[in-house]
Amino acid sequence: MKSTAEAVIIGAGIMGCATAHALAERGMTDIVVLERDQIARGSTADAAGGIRQQFSTETNIRLARESVRVWESFPERFGRDIGLRQQGYLFLLTNPAEEPVFRRNLALQQRFGVPSRWVTPEEIAALNPGVLLDDVYGGTFCPEDGWCDTYGATIGFAQAARALGVQIEEEAPVTDILVSGDRVAGVRTGRGEISAPLVIVAAGPWTRRVGALAGVDLPVDPYRRMSFITEPFAALPQSLPMTIDFASGLYFHPESHGFLFGMANREEPSSFDKTVDENWMVTTVEALAARAPAFEEASILRGWAGFYEITPDDNPLVGWTGGPDGLAVAAGFSGHGFMQGPAIGRCMAELILEGAPRDIDISPFRPSRFAEGDLAQEHNVI
Ligand SMILES: Cc1cc2nc3c(=O)[nH]c(=O)nc-3n(C[C@H](O)[C@H](O)[C@H](O)COP(=O)(O)OP(=O)(O)OC[C@H]3O[C@@H](n4cnc5c(N)ncnc54)[C@H](O)[C@@H]3O)c2cc1C
């Protein structure tokens, strides 16, 4: 492992790998990415792979829009098939009080070119004939949204970064962040020290702990979320969109000839517990069968738990930490980080090399907003 570098990135999930690649593409290749486990084994490994543009703030919509263009061209740009399926995201709405909010969000999304639209119960039935609509008064749909393979996509960024000269070290946990005066000076790992004037924290749910190594409060906390996958199951077509019951957070989409589904237990406190909660699995299956009765006949192949990396306003920390000079962060994506990886990588690279991203205002995500009391709440969180 090198003992000096222009930059060290802590964490080789989607954010660390996309940021390393974007920096290297722009000429900064003397980078070491340090991963305590293996590439794409953190939150990124556990994601449902969903990619959507239906957000409620300009920054999230623009990040999502740009990222979709990258996911669409990934095989040509990165030489890797990531199994992208653009079958749309369909939100089902059961609480009429949500309608003005969703209509306002649609108008904002459409202003930035997102082809999302309001759908009536009749249109919902055509898009997903499997769902019961007794309590659904409408919804929103975007045909460009979809899902893909998160592991393959992250490996694609990692391989492209390595080809440009970036070193990615696995099983290399960062145990300390070195500070000299008011500047960051490098990191200590289980395998030695690396001096570097720039350190980027991309440690997903572990970001609060990593920030503490430099005495910085980065308010990102882990929350357990579970996903399940059915055995191959032909009662519903594989052409269905990602379908989300917005009120409960229940979602499902076709996957490997079966269906992937999940639902957040919003009452569960923050923890690093990664076991599957069988009681919550039962609650989720019941909610699924109540919304789409065909699932009564499905068998569960497996389930897993991972961590959402949640901040107080469900938006990430992107930029300089406000701690020692040269310490930046891209973390805390609150459950919608995988999909935004490509655009965040580009924004981080331009922030570092040019002072600011060229055309997306990421200032709403500045880490200092919590101390300033100027939060940037995202409404569409699943
Ligand atoms: C069940 C579930 C479903 C989800 N579904 C979606 C979805 O459909 N769409 C979507 O966009 N997002 C989804 N997400 C969220 C998504 O997974 C995350 O937002 C995203 O993967 C975060 O990426 P990251 O690179 O910031 O973090 P991570 O992938 O967690 O990467 C951080 C890395 O840092 C490493 N690290 C931590 N501490 C250290 C240290 N001290 N030294 C070295 N390395 C360290 C970790 O090992 C890890 O590999 C889901 C998450 C879960 C759990």
# chains A, B, ... in the order shown; residues from 1 in each chain; ligands from 1
call {"tool": "residues_near_ligand", "arguments": {"ligand": "ligand 1", "cutoff": "7 Å", "atoms": "only C-alpha atoms and all ligand atoms", "output": "JSON, numbers by chain"}}
result
{"A": [10, 11, 12, 13, 14, 15, 16, 34, 35, 36, 37, 38, 39, 40, 41, 42, 43, 44, 45, 46, 47, 48, 49, 50, 51, 172, 173, 174, 175, 202, 203, 204, 205, 206, 207, 210, 224, 225, 226, 227, 305, 306, 307, 308, 309, 330, 331, 332, 333, 334, 335, 336, 337, 338, 339, 340]}
call {"tool": "closest_atom_pairs", "arguments": {"of": "region 227-267 of chain A", "to": "region 111-130 of chain A", "cutoff": "12 Å", "atoms": "only C-alpha atoms", "output": "Markdown table"}}
result
| residue | atom | partner | partner_atom | distance |
| --- | --- | --- | --- | --- |
| A:Ala234 | CA | A:Gly130 | CA | 11.9 |
| A:Ala235 | CA | A:Gly130 | CA | 9.0 |
| A:Leu236 | CA | A:Gly130 | CA | 6.7 |
| A:Pro237 | CA | A:Gly130 | CA | 8.9 |
| A:Gln238 | CA | A:Asn128 | CA | 10.6 |
| A:Ser239 | CA | A:Asn128 | CA | 9.0 |
| A:Leu240 | CA | A:Asn128 | CA | 5.9 |
| A:Pro241 | CA | A:Asn128 | CA | 7.1 |
| A:Met242 | CA | A:Asn128 | CA | 9.4 |
| A:Thr243 | CA | A:Asn128 | CA | 8.0 |
| A:Ile244 | CA | A:Asn128 | CA | 11.1 |
| A:Phe252 | CA | A:Asn128 | CA | 11.2 |
| A:His253 | CA | A:Asn128 | CA | 10.7 |
| A:Pro254 | CA | A:Asn128 | CA | 11.6 |
call {"tool": "select_by_dssp", "arguments": {"residues": "region 249-316 of chain A", "states": "helix (DSSP H, G or I)", "output": "count of residues only"}}
result
19
call {"tool": "residues_around", "arguments": {"residues": "region 269-271 of chain A", "least_positions_apart": "3", "cutoff": "8 Å", "atoms": "only C-alpha atoms", "output": "number ranges by chain"}}
result
A: 221-224
call {"tool": "closest_atom_pairs", "arguments": {"of": "region 164-208 of chain A", "to": "region 349-367 of chain A", "cutoff": "12 Å", "atoms": "only C-alpha atoms", "output": "tab-separated table"}}
result
residue	atom	partner	partner_atom	distance
A:Pro197	CA	A:Ile352	CA	11.7
A:Leu198	CA	A:Ile352	CA	9.1
A:Val199	CA	A:Ile352	CA	10.8
A:Ile200	CA	A:Ile352	CA	10.0
call {"tool": "closest_residue", "arguments": {"among": "A:Arg302, A:Arg291, A:His379, A:Arg80", "to": "Ala160 (chain A)", "atoms": "only C-alpha atoms"}}
result
A:Arg80
call {"tool": "closest_atom_pairs", "arguments": {"of": "region 117-235 of chain A", "to": "region 71-77 of chain A", "cutoff": "10 Å", "atoms": "only C-alpha atoms", "output": "tab-separated table"}}
result
residue	atom	partner	partner_atom	distance
A:Glu144	CA	A:Glu72	CA	9.7
A:Trp147	CA	A:Trp71	CA	9.5
A:Cys148	CA	A:Trp71	CA	8.5
A:Ala153	CA	A:Phe74	CA	8.1
A:Gly156	CA	A:Phe74	CA	8.4
A:Phe157	CA	A:Phe74	CA	9.6
A:Ala160	CA	A:Arg77	CA	9.4
call {"tool": "write_last_selection", "arguments": {"atoms": "C-alpha atoms", "output": "mmCIF file, in the first residue's frame"}}
result
data_model
loop_
_atom_site.group_PDB
_atom_site.id
_atom_site.type_symbol
_atom_site.label_atom_id
_atom_site.label_comp_id
_atom_site.auth_asym_id
_atom_site.auth_seq_id
_atom_site.Cartn_x
_atom_site.Cartn_y
_atom_site.Cartn_z
ATOM 1 C CA GLU A 144 -37.913 5.856 -17.060
ATOM 2 C CA TRP A 147 -33.765 -0.950 -11.046
ATOM 3 C CA CYS A 148 -30.441 -2.640 -11.709
ATOM 4 C CA ALA A 153 -22.536 -1.200 -11.086
ATOM 5 C CA GLY A 156 -17.909 -1.223 -12.884
ATOM 6 C CA PHE A 157 -16.899 2.099 -11.284
ATOM 7 C CA ALA A 160 -12.734 1.869 -14.362
#
